[in-house]
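entry32.pdb (PDB, C-alpha atoms) appears below.
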ATOM      1  CA  MET A   1      82.609 -28.264-101.939
ATOM      2  CA  PRO A   2      79.346 -29.422-100.410
ATOM      3  CA  LYS A   3      76.099 -27.866-101.588
ATOM      4  CA  ILE A   4      73.516 -26.622 -99.087
ATOM      5  CA  THR A   5      69.874 -26.641-100.146
ATOM      6  CA  VAL A   6      67.674 -24.516 -97.895
ATOM      7  CA  LEU A   7      64.008 -25.435 -97.980
ATOM      8  CA  PRO A   8      61.567 -22.521 -98.332
ATOM      9  CA  HIS A   9      60.842 -20.559 -95.145
ATOM     10  CA  PRO A  10      58.066 -17.922 -95.200
ATOM     11  CA  GLN A  11      60.179 -15.037 -93.831
ATOM     12  CA  LEU A  12      63.846 -15.973 -94.165
ATOM     13  CA  ALA A  13      63.959 -17.737 -97.549
ATOM     14  CA  PRO A  14      60.567 -17.692 -99.302
ATOM     15  CA  ALA A  15      61.956 -19.303-102.467
ATOM     16  CA  GLY A  16      64.508 -21.470-100.670
ATOM     17  CA  ALA A  17      68.154 -21.356-101.732
ATOM     18  CA  VAL A  18      71.004 -23.493-103.039
ATOM     19  CA  PHE A  19      74.687 -22.649-102.652
ATOM     20  CA  GLU A  20      78.097 -24.234-102.162
ATOM     21  CA  VAL A  21      80.282 -23.762 -99.078
ATOM     22  CA  PRO A  22      83.759 -24.856 -98.072
ATOM     23  CA  GLU A  23      83.911 -27.863 -95.765
ATOM     24  CA  THR A  24      84.018 -26.944 -92.038
ATOM     25  CA  THR A  25      81.812 -23.866 -92.589
ATOM     26  CA  SER A  26      79.094 -23.632 -89.951
ATOM     27  CA  ILE A  27      75.570 -23.798 -91.322
ATOM     28  CA  CYS A  28      74.805 -20.479 -89.586
ATOM     29  CA  ASP A  29      77.731 -18.708 -91.267
ATOM     30  CA  ALA A  30      76.795 -20.227 -94.628
ATOM     31  CA  LEU A  31      73.202 -19.030 -94.315
ATOM     32  CA  HIS A  32      74.263 -15.499 -93.388
ATOM     33  CA  ARG A  33      76.818 -15.305 -96.206
ATOM     34  CA  HIS A  34      74.018 -16.126 -98.643
ATOM     35  CA  GLY A  35      71.486 -13.602 -97.362
ATOM     36  CA  ILE A  36      69.465 -15.850 -95.044
ATOM     37  CA  ASP A  37      69.296 -14.009 -91.729
ATOM     38  CA  ILE A  38      68.779 -16.861 -89.266
ATOM     39  CA  GLU A  39      68.745 -15.778 -85.630
ATOM     40  CA  HIS A  40      71.708 -16.397 -83.340
ATOM     41  CA  ALA A  41      70.913 -14.573 -80.112
ATOM     42  CA  CYS A  42      74.012 -15.848 -78.274
ATOM     43  CA  GLY A  43      76.466 -14.704 -80.944
ATOM     44  CA  GLN A  44      77.053 -18.240 -82.275
ATOM     45  CA  VAL A  45      78.587 -19.707 -79.128
ATOM     46  CA  GLY A  46      76.033 -22.489 -78.708
ATOM     47  CA  ALA A  47      74.420 -20.949 -75.626
ATOM     48  CA  CYS A  48      70.873 -20.644 -76.981
ATOM     49  CA  SER A  49      68.798 -22.466 -79.562
ATOM     50  CA  THR A  50      67.590 -19.621 -81.765
ATOM     51  CA  CYS A  51      69.647 -20.914 -84.727
ATOM     52  CA  HIS A  52      68.065 -24.383 -84.603
ATOM     53  CA  VAL A  53      67.717 -26.134 -87.966
ATOM     54  CA  VAL A  54      66.589 -29.571 -89.113
ATOM     55  CA  VAL A  55      69.066 -31.276 -91.431
ATOM     56  CA  ARG A  56      66.901 -33.331 -93.791
ATOM     57  CA  GLU A  57      69.808 -34.727 -95.842
ATOM     58  CA  GLY A  58      73.517 -35.077 -95.092
ATOM     59  CA  TYR A  59      73.128 -35.156 -91.306
ATOM     60  CA  ALA A  60      75.742 -37.899 -90.835
ATOM     61  CA  SER A  61      78.452 -35.814 -92.519
ATOM     62  CA  LEU A  62      78.180 -32.910 -90.051
ATOM     63  CA  SER A  63      80.748 -32.240 -87.353
ATOM     64  CA  PRO A  64      80.120 -34.079 -84.058
ATOM     65  CA  PHE A  65      78.046 -32.497 -81.285
ATOM     66  CA  GLY A  66      79.931 -30.107 -79.017
ATOM     67  CA  ASP A  67      79.833 -30.241 -75.226
ATOM     68  CA  TYR A  68      76.645 -28.219 -74.741
ATOM     69  CA  GLU A  69      74.854 -28.459 -78.078
ATOM     70  CA  GLU A  70      72.612 -31.398 -77.149
ATOM     71  CA  ASP A  71      71.607 -29.676 -73.892
ATOM     72  CA  MET A  72      70.722 -26.468 -75.729
ATOM     73  CA  LEU A  73      68.790 -28.339 -78.403
ATOM     74  CA  ASP A  74      66.397 -29.567 -75.714
ATOM     75  CA  GLN A  75      65.139 -25.968 -75.537
ATOM     76  CA  ALA A  76      64.521 -25.621 -79.278
ATOM     77  CA  TRP A  77      61.022 -25.172 -80.671
ATOM     78  CA  GLY A  78      60.020 -28.123 -82.846
ATOM     79  CA  LEU A  79      62.952 -30.356 -81.876
ATOM     80  CA  GLN A  80      63.356 -33.370 -84.178
ATOM     81  CA  PRO A  81      65.804 -36.299 -84.384
ATOM     82  CA  LEU A  82      67.757 -34.509 -87.145
ATOM     83  CA  SER A  83      67.949 -31.154 -85.316
ATOM     84  CA  ARG A  84      71.216 -29.254 -84.886
ATOM     85  CA  LEU A  85      72.280 -25.790 -83.800
ATOM     86  CA  SER A  86      73.377 -24.174 -87.048
ATOM     87  CA  CYS A  87      76.164 -22.280 -85.281
ATOM     88  CA  GLN A  88      77.747 -25.530 -84.093
ATOM     89  CA  ALA A  89      77.075 -27.870 -87.042
ATOM     90  CA  ARG A  90      79.856 -27.664 -89.616
ATOM     91  CA  ALA A  91      79.541 -28.937 -93.158
ATOM     92  CA  GLY A  92      81.364 -32.108 -94.106
ATOM     93  CA  ALA A  93      81.897 -33.546 -97.571
ATOM     94  CA  GLU A  94      78.237 -34.411 -98.272
ATOM     95  CA  ASN A  95      75.548 -32.112 -99.606
ATOM     96  CA  LEU A  96      73.041 -30.869 -97.038
ATOM     97  CA  THR A  97      69.342 -30.109 -97.128
ATOM     98  CA  VAL A  98      68.354 -27.766 -94.312
ATOM     99  CA  GLU A  99      64.950 -26.749 -92.985
ATOM    100  CA  ILE A 100      64.630 -23.670 -90.810
ATOM    101  CA  PRO A 101      61.773 -24.135 -88.316
ATOM    102  CA  LYS A 102      58.901 -21.678 -88.433
ATOM    103  CA  TYR A 103      59.512 -20.463 -84.870
ATOM    104  CA  SER A 104      62.393 -20.094 -82.436
ATOM    105  CA  ILE A 105      62.532 -19.625 -78.668
ATOM    106  CA  ASN A 106      63.361 -15.940 -79.113
ATOM    107  CA  HIS A 107      60.198 -14.661 -77.444
ATOM    108  CA  ALA A 108      61.126 -11.014 -78.052
ATOM    109  CA  LYS A 109      60.975 -11.547 -81.801
ATOM    110  CA  GLU A 110      57.760 -13.569 -81.668
ATOM    111  CA  ILE A 111      56.006 -10.680 -79.898
ATOM    112  CA  LEU A 112      57.039  -8.102 -82.500
TER
END

Please express what this file holds, its structure, as structure tokens.
Amino acid sequence: MPKITVLPHPQLAPAGAVFEVPETTSICDALHRHGIDIEHACGQVGACSTCHVVVREGYASLSPFGDYEEDMLDQAWGLQPLSRLSCQARAGAENLTVEIPKYSINHAKEIL
């Protein structure tokens, strides 16, 4: 099983995290199953970019982009070449290192 290393995030994972997941598990599901409450305003259907992550290691082993993922990523805060929507990116055989950006486009949460 691939290992996911989550880099520290001030609110969601202050100490970071490391855990194993079965292949084909979405990064979003893996994070939630391990107590990291990443946003997913669209209910994990790839229709927003609130679950945006940057995959620092293991990017090439992820599932291919879906039909709308690249279009939705264009809306993500802090978009980078290794960005993916965590609800659409599924783990492959390689270990992953994931960074959760500091902000998302969920303006309602930013105001709170």

From (65.8, -18.9, -80.2), in the file's coordinates, out to 9 Å: which residues are reached, counting all atoms listed in the file? Answer as JSON, numbers by chain. {"A": [39, 40, 41, 42, 48, 49, 50, 51, 52, 75, 76, 77, 103, 104, 105, 106, 107, 109]}

Can you list what the PyMOL selection byres ((chain A and resi 6-23) around 6) grabs from this structure, as number ranges by chain? A: 1-5, 24-25, 36, 91-92, 97-99

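The interatomic distance for the pair CA of Gly43 in chain A and CA of Ala60 in chain A works out to 25.2 Å.
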
Proximity to Ser26 in chain A - best of A:Lys102, A:Cys87, A:Ala93, A:Tyr59, only C-alpha atoms: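 Going through A:Lys102, A:Cys87, A:Ala93, A:Tyr59 one by one, the smallest distance to Ser26 in chain A is for A:Cys87.
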
How far is it from CA of Leu82 in chain A to CA of Ser63 in chain A, in Å with one decimal?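 Separating CA of Leu82 in chain A from CA of Ser63 in chain A is a distance of 13.2 Å.
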
Could you please give me, as a PyMOL selection string, the residues of protein, DNA or RNA lying at most 6 Å from (68.7, -27.2, -88.7) in the coordinate frame of the file, considering all atoms listed in the file? chain A and resi 52-55+83-84+86+98-100

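CA of Asp67 in chain A lies 25.9 Å from CA of Arg33 in chain A.
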
Point out the residue among A:Ile27, A:Gly35, A:Pro101, A:Ala47 with the least atom-to-atom distance to Leu79 in chain A, counting all atoms listed in the file. A:Pro101

From the list A:Arg56, A:Tyr68, A:Asp74, A:Arg90, the nearest residue to Asp29 in chain A using all atoms listed in the file is A:Arg90

How big is the axis-aligned box, and where does its centre sit, when it encloses all atoms of range 63-82 of chain A listed in the file and has 6 Å added on every side, reported in Å to one decimal as JSON?
{"center_x": 70.4, "center_y": -30.7, "center_z": -80.6, "size_x": 32.7, "size_y": 23.1, "size_z": 25.5}

Counting all atoms listed in the file, the option among A:Gln80, A:Gly58, A:Met72, A:Asp37 closest to Glu94 in chain A: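 Nearest to Glu94 in chain A: A:Gly58.
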
I need the residue nearest Val45 in chain A from this list: A:Gly66, A:His32, A:Ser61, A:Pro81. Use all atoms listed in the file for the distance. A:Gly66
